$ cat upload.csv   # CSV, C-alpha atoms and all ligand atoms
chain,number,residue,atom,x,y,z
A,1,MET,CA,-89.4,-82.4,-38.5
A,2,GLY,CA,-87.4,-83.3,-41.7
A,3,LYS,CA,-84.7,-80.8,-40.6
A,4,TRP,CA,-84.3,-82.6,-37.3
A,5,LEU,CA,-84.1,-86.0,-38.9
A,6,ALA,CA,-81.4,-84.7,-41.3
A,7,LEU,CA,-79.5,-83.2,-38.4
A,8,ALA,CA,-79.7,-86.5,-36.5
A,9,ILE,CA,-78.4,-88.5,-39.5
A,10,LEU,CA,-75.6,-86.0,-40.0
A,11,THR,CA,-74.6,-86.2,-36.4
A,12,MET,CA,-74.6,-90.0,-36.5
A,13,LEU,CA,-72.6,-89.9,-39.7
A,14,ALA,CA,-70.0,-87.6,-38.2
A,15,LEU,CA,-69.8,-89.7,-35.0
A,16,ALA,CA,-69.4,-92.9,-37.1
A,17,LEU,CA,-66.6,-91.3,-39.1
A,18,TRP,CA,-64.9,-89.9,-36.1
A,19,GLN,CA,-65.0,-93.2,-34.3
A,20,GLY,CA,-63.7,-95.1,-37.3
A,21,TRP,CA,-66.8,-97.2,-37.6
A,22,LEU,CA,-67.2,-96.0,-41.2
A,23,ARG,CA,-64.3,-96.1,-43.5
A,24,PRO,CA,-65.0,-94.1,-46.7
A,25,PRO,CA,-62.3,-93.5,-49.3
A,26,PRO,CA,-59.9,-90.7,-48.2
A,27,ALA,CA,-61.4,-88.2,-50.6
A,28,TRP,CA,-64.8,-88.6,-48.8
A,29,ASN,CA,-63.4,-88.8,-45.3
A,30,PRO,CA,-63.5,-85.3,-43.8
A,31,TRP,CA,-60.6,-86.1,-41.4
A,32,SER,CA,-58.1,-87.3,-44.0
A,33,PRO,CA,-55.8,-84.7,-45.7
A,34,LEU,CA,-56.8,-83.1,-48.9
A,35,ASP,CA,-55.4,-85.1,-51.9
A,36,LEU,CA,-54.8,-82.8,-54.9
A,37,ARG,CA,-54.7,-85.8,-57.2
A,38,GLU,CA,-58.4,-86.5,-56.6
A,39,PRO,CA,-61.1,-84.4,-58.3
A,40,ALA,CA,-62.5,-81.7,-56.1
A,41,ASN,CA,-65.7,-82.6,-54.3
A,42,ALA,CA,-68.1,-81.3,-51.6
A,43,LEU,CA,-65.5,-81.7,-48.9
A,44,THR,CA,-62.7,-79.9,-50.7
A,45,ARG,CA,-63.5,-76.5,-49.2
A,46,TRP,CA,-63.9,-77.9,-45.7
A,47,LYS,CA,-60.5,-79.6,-46.0
A,48,LEU,CA,-58.9,-76.4,-47.3
A,49,ALA,CA,-60.2,-74.4,-44.4
A,50,ARG,CA,-59.0,-77.1,-41.9
A,51,LEU,CA,-55.5,-77.3,-43.2
A,52,ARG,CA,-55.1,-73.5,-42.8
A,53,HIS,CA,-54.6,-74.2,-39.1
A,54,GLN,CA,-53.0,-77.6,-39.1
A,55,PRO,CA,-49.4,-77.7,-40.5
A,56,GLN,CA,-49.3,-81.5,-40.7
A,57,LEU,CA,-52.5,-81.7,-42.7
A,58,CYS,CA,-51.2,-78.9,-45.0
A,59,ALA,CA,-47.8,-80.5,-45.6
A,60,ALA,CA,-49.6,-83.8,-46.5
A,61,ALA,CA,-51.8,-82.0,-49.0
A,62,LEU,CA,-49.0,-80.0,-50.5
A,63,ALA,CA,-47.0,-83.2,-51.1
A,64,THR,CA,-49.8,-84.5,-53.3
A,65,SER,CA,-49.6,-81.4,-55.6
A,66,THR,CA,-47.7,-81.1,-58.9
A,67,LEU,CA,-46.0,-77.9,-57.6
A,68,LYS,CA,-42.2,-77.7,-57.6
A,69,TYR,CA,-41.3,-76.3,-54.2
A,70,HIS,CA,-38.8,-76.5,-51.4
A,71,ALA,CA,-38.9,-75.6,-47.7
A,72,GLN,CA,-37.5,-72.2,-46.7
A,73,ALA,CA,-35.8,-71.5,-43.4
A,74,ASP,CA,-37.9,-69.6,-40.8
A,75,THR,CA,-37.0,-65.9,-40.7
A,76,PRO,CA,-37.5,-63.4,-37.8
A,77,GLY,CA,-38.1,-59.7,-38.2
A,78,PRO,CA,-41.2,-57.5,-38.3
A,79,CYS,CA,-42.9,-60.0,-40.5
A,80,PRO,CA,-41.6,-63.3,-39.2
A,81,LEU,CA,-42.1,-66.4,-41.5
A,82,SER,CA,-42.3,-70.0,-40.4
A,83,ASP,CA,-43.2,-73.2,-42.3
A,84,VAL,CA,-43.0,-71.4,-45.7
A,85,VAL,CA,-41.9,-72.9,-49.0
A,86,ARG,CA,-40.6,-71.4,-52.2
A,87,VAL,CA,-42.7,-72.4,-55.2
A,88,SER,CA,-40.8,-72.4,-58.5
A,89,GLY,CA,-43.3,-74.0,-60.9
A,90,GLY,CA,-45.9,-76.6,-61.5
A,91,GLU,CA,-48.4,-77.4,-64.2
A,92,GLN,CA,-47.5,-74.0,-65.6
A,93,ALA,CA,-44.2,-72.1,-65.4
A,94,LEU,CA,-44.1,-69.0,-63.3
A,95,SER,CA,-42.8,-65.5,-64.2
A,96,SER,CA,-40.6,-65.9,-61.1
A,97,SER,CA,-40.6,-68.2,-58.0
A,98,PHE,CA,-42.5,-67.0,-54.9
A,99,ILE,CA,-42.6,-67.6,-51.2
A,100,ALA,CA,-45.8,-69.1,-49.8
A,101,SER,CA,-47.2,-70.2,-46.6
A,102,CYS,CA,-48.2,-73.9,-46.9
A,103,PRO,CA,-52.0,-73.1,-47.1
A,104,MET,CA,-51.3,-70.5,-49.8
A,105,ALA,CA,-49.2,-73.0,-51.8
A,106,VAL,CA,-52.0,-75.6,-51.6
A,107,ALA,CA,-54.6,-73.0,-52.7
A,108,PHE,CA,-52.4,-72.0,-55.6
A,109,ALA,CA,-51.9,-75.6,-56.7
A,110,LEU,CA,-55.7,-76.1,-56.6
A,111,PHE,CA,-56.2,-72.8,-58.4
A,112,SER,CA,-53.8,-73.7,-61.2
A,113,GLN,CA,-55.2,-77.1,-61.9
A,114,ASN,CA,-58.9,-76.5,-61.2
A,115,ALA,CA,-59.4,-72.9,-62.3
A,116,VAL,CA,-56.7,-71.8,-64.7
A,117,GLN,CA,-56.3,-74.9,-67.0
A,118,PRO,CA,-60.0,-75.7,-67.3
A,119,ALA,CA,-60.8,-72.1,-68.2
A,120,ALA,CA,-58.0,-72.0,-70.8
A,121,GLN,CA,-59.3,-75.2,-72.4
A,122,ARG,CA,-62.9,-74.0,-72.5
A,123,VAL,CA,-62.1,-70.5,-73.9
A,124,PHE,CA,-58.9,-71.1,-76.0
A,125,GLY,CA,-58.7,-74.9,-76.4
A,126,GLN,CA,-55.2,-74.9,-75.2
A,127,ALA,CA,-53.2,-74.8,-72.0
A,128,VAL,CA,-51.7,-71.9,-70.1
A,129,ALA,CA,-47.9,-72.1,-70.3
A,130,ARG,CA,-47.0,-69.5,-67.7
A,131,ILE,CA,-48.6,-67.6,-64.9
A,132,ASP,CA,-47.4,-64.1,-64.4
A,133,HIS,CA,-47.5,-62.6,-60.9
A,134,LEU,CA,-46.5,-59.5,-59.1
A,135,GLY,CA,-45.3,-61.2,-55.9
A,136,SER,CA,-46.5,-62.9,-52.8
A,137,PHE,CA,-44.5,-62.0,-49.7
A,138,ALA,CA,-44.2,-58.3,-48.8
A,139,CYS,CA,-43.8,-57.0,-45.3
A,140,ARG,CA,-46.4,-54.2,-45.3
A,141,ASN,CA,-49.9,-53.2,-44.2
A,142,ILE,CA,-52.8,-53.2,-46.6
A,143,TYR,CA,-52.4,-50.7,-49.4
A,144,GLY,CA,-49.1,-49.8,-47.7
A,145,ARG,CA,-50.9,-47.5,-45.2
A,146,VAL,CA,-49.3,-46.8,-41.8
A,147,ASP,CA,-52.6,-47.0,-39.9
A,148,ALA,CA,-54.0,-50.1,-41.6
A,149,ARG,CA,-53.8,-53.7,-40.5
A,150,ARG,CA,-51.1,-56.1,-41.7
A,151,SER,CA,-51.6,-57.3,-45.3
A,152,LEU,CA,-52.0,-61.0,-45.9
A,153,HIS,CA,-48.9,-60.5,-48.1
A,154,ALA,CA,-46.9,-59.9,-44.9
A,155,SER,CA,-47.4,-63.6,-43.9
A,156,ALA,CA,-46.9,-65.0,-47.4
A,157,ASN,CA,-50.7,-65.9,-47.5
A,158,ALA,CA,-51.5,-63.8,-50.6
A,159,ILE,CA,-50.4,-63.6,-54.2
A,160,ASP,CA,-51.1,-61.0,-56.9
A,161,ILE,CA,-51.8,-62.6,-60.4
A,162,ALA,CA,-51.1,-60.2,-63.3
A,163,GLY,CA,-51.6,-62.3,-66.4
A,164,PHE,CA,-51.1,-65.5,-68.3
A,165,ARG,CA,-49.1,-66.7,-71.3
A,166,MET,CA,-50.9,-69.3,-73.4
A,167,ALA,CA,-49.2,-72.3,-75.0
A,168,ASP,CA,-49.2,-70.5,-78.4
A,169,GLY,CA,-47.4,-67.5,-76.9
A,170,ARG,CA,-50.5,-65.2,-76.6
A,171,GLN,CA,-50.2,-62.8,-73.6
A,172,ILE,CA,-53.3,-62.1,-71.5
A,173,SER,CA,-53.1,-59.3,-68.9
A,174,VAL,CA,-55.5,-58.2,-66.2
A,175,LEU,CA,-54.6,-54.6,-66.9
A,176,HIS,CA,-55.5,-54.7,-70.7
A,177,ASP,CA,-58.0,-57.5,-71.0
A,178,TRP,CA,-60.2,-57.3,-67.9
A,179,GLY,CA,-63.8,-56.3,-68.7
A,180,GLN,CA,-63.4,-56.8,-72.4
A,181,ASP,CA,-66.0,-58.7,-74.4
A,182,THR,CA,-63.2,-60.8,-75.9
A,183,PRO,CA,-62.0,-64.4,-75.3
A,184,ALA,CA,-59.2,-63.0,-73.1
A,185,GLY,CA,-61.8,-61.0,-71.1
A,186,ARG,CA,-64.0,-64.0,-70.6
A,187,PHE,CA,-61.0,-66.2,-69.7
A,188,LEU,CA,-60.0,-63.7,-67.0
A,189,ARG,CA,-63.5,-63.6,-65.6
A,190,GLU,CA,-63.7,-67.4,-65.5
A,191,VAL,CA,-60.3,-67.5,-63.8
A,192,ARG,CA,-61.4,-65.0,-61.2
A,193,ASP,CA,-64.6,-66.9,-60.5
A,194,GLY,CA,-62.8,-70.3,-60.4
A,195,ALA,CA,-60.2,-68.9,-58.0
A,196,CYS,CA,-62.9,-68.4,-55.4
A,197,ASP,CA,-63.1,-72.2,-54.9
A,198,SER,CA,-59.4,-72.3,-53.9
A,199,PHE,CA,-58.7,-69.0,-52.1
A,200,GLY,CA,-60.8,-67.4,-49.3
A,201,THR,CA,-60.6,-63.9,-50.8
A,202,VAL,CA,-60.2,-62.9,-54.5
A,203,LEU,CA,-60.2,-59.2,-55.4
A,204,GLY,CA,-59.8,-57.8,-58.9
A,205,PRO,CA,-60.4,-54.7,-61.0
A,206,ASP,CA,-64.1,-54.9,-60.2
A,207,TYR,CA,-63.3,-54.3,-56.5
A,208,ASN,CA,-61.3,-51.1,-56.8
A,209,ALA,CA,-58.7,-49.2,-58.8
A,210,ALA,CA,-55.9,-50.5,-56.7
A,211,HIS,CA,-56.5,-53.9,-58.3
A,212,ARG,CA,-56.8,-52.7,-61.9
A,213,ASN,CA,-53.7,-54.7,-62.9
A,214,HIS,CA,-54.0,-57.8,-60.9
A,215,LEU,CA,-56.1,-60.4,-59.1
A,216,HIS,CA,-55.3,-60.5,-55.4
A,217,MET,CA,-55.8,-63.9,-53.9
A,218,ASP,CA,-55.4,-64.8,-50.2
A,219,THR,CA,-56.2,-67.6,-47.8
A,220,ALA,CA,-58.3,-65.6,-45.3
A,221,GLY,CA,-62.1,-65.3,-45.3
A,222,TRP,CA,-64.6,-67.5,-46.9
A,223,ALA,CA,-65.4,-67.0,-50.6
A,224,LEU,CA,-65.2,-63.2,-50.7
A,225,CYS,CA,-64.9,-62.6,-54.5
A,226,ARG,CA,-65.2,-59.3,-56.2
A,301,ZN,ZN,-52.4,-58.5,-53.1

$ encode --input "upload.csv" --output "structure tokens"
Amino acid sequence: MGKWLALAILTMLALALWQGWLRPPPAWNPWSPLDLREPANALTRWKLARLRHQPQLCAAALATSTLKYHAQADTPGPCPLSDVVRVSGGEQALSSSFIASCPMAVAFALFSQNAVQPAAQRVFGQAVARIDHLGSFACRNIYGRVDARRSLHASANAIDIAGFRMADGRQISVLHDWGQDTPAGRFLREVRDGACDSFGTVLGPDYNAAHRNHLHMDTAGWALCR
């Protein structure tokens, strides 16, 4: 009985929002674009999933981020790219710029501000100065196998994070610090767990040996984190 009442109320609420009878602030309106200047809330994941398939919603969300990026021309070929950007920095510097689909760039922005910096403050009491990565776009199948499906890297929907440099110059690497009972080890675990709120799939050294030196993050799936 209670279940049906809750469902009826939710349906009415959705209808009222859809029709514009109710005008909540944009952060609490499921139909307005994700605003990265607002703190994450219960609708963030829904908005992230929605912008994966709606370029205009995605562009609006990306414009609210602190990322430095510029649009890249569409490219043909075996792994055609369209609506991609080149990200060259943000709250933290990058070991090098990278190409990203719009949804990946939004997920990365959310990851850097909501997962990386809070974990760094909790564990080290300082900021991360630079994120080190092994690349995003690569025209290949998963694990480079001929008979496998296309990797999310082939559409610039994935990035491999190798480590971090803290504000005081300390280096943290997935290869050396993962699984250690040290501040660096705890920091990496917190970053991996936090990344699951921004990316659909996050795979690290706990998943398999192919990921021993990086955290793979992509925009497919729904909170698959290992
Ligand atoms: Zn990867």

$ closest_residue --input "upload.csv" --among "A:Phe137, A:Phe98, A:Trp28, A:Phe124" --to "ligand ZN 301 (chain A)" --atoms "only C-alpha atoms and all ligand atoms"
A:Phe137

$ residues_near_ligand --input "upload.csv" --ligand "ligand ZN 301 (chain A)" --cutoff "10 Å" --atoms "all atoms listed in the file" --output "PyMOL selection string"
chain A and resi 134-138+142-143+151-154+157-161+202-204+210-211+214-218

$ closest_residue --input "upload.csv" --among "A:Leu13, A:Ala109, A:Pro103, A:Cys225" --to "Leu48 in chain A" --atoms "all atoms listed in the file"
A:Pro103

$ closest_residue --input "upload.csv" --among "A:Phe187, A:Phe199, A:Phe108, A:Trp46" --to "Leu34 in chain A" --atoms "only C-alpha atoms"
A:Trp46

$ closest_residue --input "upload.csv" --among "A:Glu190, A:Pro30, A:Asp147, A:Val128" --to "Leu15 in chain A" --atoms "all atoms listed in the file"
A:Pro30

$ atom_distance --input "upload.csv" --atom1 "CA of Arg212 in chain A" --atom2 "CA of Val116 in chain A"
19.3 Å

$ closest_atom_pairs --input "upload.csv" --of "range 81-134 of chain A" --to "range 174-181 of chain A" --cutoff "12 Å" --atoms "all atoms listed in the file" --output "tab-separated table"
residue	atom	partner	partner_atom	distance
A:Ile131	CA	A:Val174	CA	11.7
A:Asp132	CA	A:Val174	CA	10.2
A:His133	CA	A:Val174	CA	10.6
A:Leu134	CA	A:Val174	CA	11.5

$ closest_residue --input "upload.csv" --among "A:Ala49, A:Ala42, A:Ala16, A:Ala167" --to "Gly221 in chain A" --atoms "all atoms listed in the file"
A:Ala49

$ closest_residue --input "upload.csv" --among "A:Ser198, A:Thr182, A:Thr11, A:Asn141" --to "Pro78 in chain A" --atoms "only C-alpha atoms"
A:Asn141

$ residues_around --input "upload.csv" --residues "Gly200 in chain A" --least-positions-apart "6" --cutoff "6 Å" --atoms "all atoms listed in the file" --output "PyMOL selection string"
chain A and resi 219-223

$ atom_distance --input "upload.csv" --atom1 "CA of Arg130 in chain A" --atom2 "CA of Phe164 in chain A"
5.8 Å

$ atom_distance --input "upload.csv" --atom1 "CA of Leu67 in chain A" --atom2 "CA of Gly89 in chain A"
5.8 Å

$ axis_aligned_box --input "upload.csv" --around "range 154-160 of chain A" --padding-each-side "8 Å" --output "JSON"
{"center_x": -49.2, "center_y": -62.9, "center_z": -50.4, "size_x": 20.6, "size_y": 22.0, "size_z": 29.0}

$ residues_around --input "upload.csv" --residues "Gly90 in chain A" --least-positions-apart "2" --cutoff "6 Å" --atoms "all atoms listed in the file" --output "list in words"
Thr66, Leu67, Lys68 and Gln92 of chain A

$ write_last_selection --input "upload.csv" --atoms "C-alpha atoms" --output "mmCIF file, keeping the file's coordinate frame"
data_model
loop_
_atom_site.group_PDB
_atom_site.id
_atom_site.type_symbol
_atom_site.label_atom_id
_atom_site.label_comp_id
_atom_site.auth_asym_id
_atom_site.auth_seq_id
_atom_site.Cartn_x
_atom_site.Cartn_y
_atom_site.Cartn_z
ATOM 1 C CA THR A 66 -47.700 -81.100 -58.900
ATOM 2 C CA LEU A 67 -46.000 -77.900 -57.600
ATOM 3 C CA LYS A 68 -42.200 -77.700 -57.600
ATOM 4 C CA GLN A 92 -47.500 -74.000 -65.600
#

$ residues_around --input "upload.csv" --residues "Ala27 in chain A" --least-positions-apart "4" --cutoff "8 Å" --atoms "only C-alpha atoms" --output "ChimeraX atom specification"
/A:32,34-35,38,41,43

$ write_last_selection --input "upload.csv" --atoms "C-alpha atoms" --output "compact mmCIF listing (two decimals), keeping the file's coordinate frame"
# COMPACT_ATOMS: atom_id res chain seq x y z
CA SER A 32 -58.10 -87.30 -44.00
CA LEU A 34 -56.80 -83.10 -48.90
CA ASP A 35 -55.40 -85.10 -51.90
CA GLU A 38 -58.40 -86.50 -56.60
CA ASN A 41 -65.70 -82.60 -54.30
CA LEU A 43 -65.50 -81.70 -48.90

$ residues_around --input "upload.csv" --residues "Gly125 in chain A" --least-positions-apart "3" --cutoff "12 Å" --atoms "all atoms listed in the file" --output "PDB file with C-alpha atoms, in the frame of the given file"
ATOM      1  CA  GLN A 117     -56.300 -74.900 -67.000  1.00  0.00           C
ATOM      2  CA  PRO A 118     -60.000 -75.700 -67.300  1.00  0.00           C
ATOM      3  CA  ALA A 119     -60.800 -72.100 -68.200  1.00  0.00           C
ATOM      4  CA  ALA A 120     -58.000 -72.000 -70.800  1.00  0.00           C
ATOM      5  CA  GLN A 121     -59.300 -75.200 -72.400  1.00  0.00           C
ATOM      6  CA  ARG A 122     -62.900 -74.000 -72.500  1.00  0.00           C
ATOM      7  CA  VAL A 128     -51.700 -71.900 -70.100  1.00  0.00           C
ATOM      8  CA  MET A 166     -50.900 -69.300 -73.400  1.00  0.00           C
ATOM      9  CA  ALA A 167     -49.200 -72.300 -75.000  1.00  0.00           C
ATOM     10  CA  ASP A 168     -49.200 -70.500 -78.400  1.00  0.00           C
ATOM     11  CA  PRO A 183     -62.000 -64.400 -75.300  1.00  0.00           C
ATOM     12  CA  PHE A 187     -61.000 -66.200 -69.700  1.00  0.00           C
TER      13      PHE A 187
END

$ residues_around --input "upload.csv" --residues "Ala59 in chain A" --least-positions-apart "3" --cutoff "12 Å" --atoms "all atoms listed in the file" --output "list of chain:residue names"
A:Pro33, A:Leu34, A:Asp35, A:Leu36, A:Leu48, A:Leu51, A:Arg52, A:His53, A:Gln54, A:Pro55, A:Gln56, A:Leu62, A:Ala63, A:Thr64, A:Ser65, A:Tyr69, A:His70, A:Ala71, A:Asp83, A:Val84, A:Val85, A:Ser101, A:Cys102, A:Pro103, A:Met104, A:Ala105, A:Val106

$ decode --input "upload.csv" --residues "range 44-111 of chain A" --atoms "C-alpha atoms" --output "compact mmCIF listing (two decimals), in the first residue's frame"
# COMPACT_ATOMS: atom_id res chain seq x y z
CA THR A 44 23.74 14.07 -10.24
CA ARG A 45 24.03 10.46 -11.41
CA TRP A 46 20.74 10.64 -13.33
CA LYS A 47 21.85 13.87 -15.03
CA LEU A 48 25.21 12.33 -15.90
CA ALA A 49 23.52 9.33 -17.51
CA ARG A 50 21.16 11.60 -19.41
CA LEU A 51 23.85 13.83 -20.91
CA ARG A 52 25.66 10.78 -22.34
CA HIS A 53 23.07 10.71 -25.11
CA GLN A 54 22.18 14.39 -25.41
CA PRO A 55 24.99 16.54 -26.87
CA GLN A 56 23.35 19.85 -25.97
CA LEU A 57 22.85 18.88 -22.33
CA CYS A 58 26.44 17.69 -22.24
CA ALA A 59 27.88 20.88 -23.75
CA ALA A 60 25.90 22.96 -21.25
CA ALA A 61 27.25 20.89 -18.35
CA LEU A 62 30.84 21.04 -19.62
CA ALA A 63 30.62 24.83 -19.91
CA THR A 64 30.04 25.00 -16.13
CA SER A 65 33.24 23.07 -15.36
CA THR A 66 36.64 24.52 -14.44
CA LEU A 67 38.33 22.44 -17.17
CA LYS A 68 40.43 24.14 -19.81
CA TYR A 69 39.30 22.64 -23.10
CA HIS A 70 38.65 23.46 -26.72
CA ALA A 71 36.61 21.78 -29.42
CA GLN A 72 38.37 19.40 -31.81
CA ALA A 73 37.41 18.93 -35.46
CA ASP A 74 35.49 15.73 -36.25
CA THR A 75 37.74 13.03 -37.68
CA PRO A 76 36.81 10.09 -39.97
CA GLY A 77 38.63 6.75 -40.06
CA PRO A 78 38.19 3.36 -38.41
CA CYS A 79 37.48 5.10 -35.09
CA PRO A 80 35.60 8.24 -36.14
CA LEU A 81 35.31 11.01 -33.58
CA SER A 82 32.68 13.72 -33.43
CA ASP A 83 31.85 16.35 -30.83
CA VAL A 84 35.12 15.75 -28.98
CA VAL A 85 37.21 18.25 -27.04
CA ARG A 86 40.87 18.46 -26.04
CA VAL A 87 41.25 18.89 -22.28
CA SER A 88 44.46 20.65 -21.28
CA GLY A 89 43.98 21.24 -17.55
CA GLY A 90 41.62 22.30 -14.82
CA GLU A 91 41.75 22.35 -11.03
CA GLN A 92 44.88 20.26 -11.43
CA ALA A 93 47.51 20.30 -14.17
CA LEU A 94 47.72 17.27 -16.46
CA SER A 95 50.76 15.22 -17.43
CA SER A 96 49.59 15.92 -20.98
CA SER A 97 46.41 17.10 -22.66
CA PHE A 98 43.90 14.47 -23.79
CA ILE A 99 41.03 14.05 -26.23
CA ALA A 100 37.64 13.38 -24.65
CA SER A 101 34.08 12.86 -25.72
CA CYS A 102 31.89 15.45 -24.03
CA PRO A 103 30.45 12.94 -21.50
CA MET A 104 33.98 11.78 -20.62
CA ALA A 105 35.15 15.37 -20.11
CA VAL A 106 32.19 16.05 -17.79
CA ALA A 107 32.88 12.85 -15.83
CA PHE A 108 36.55 13.81 -15.56
CA ALA A 109 35.67 17.29 -14.27
CA LEU A 110 33.37 15.79 -11.66
CA PHE A 111 36.00 13.20 -10.73
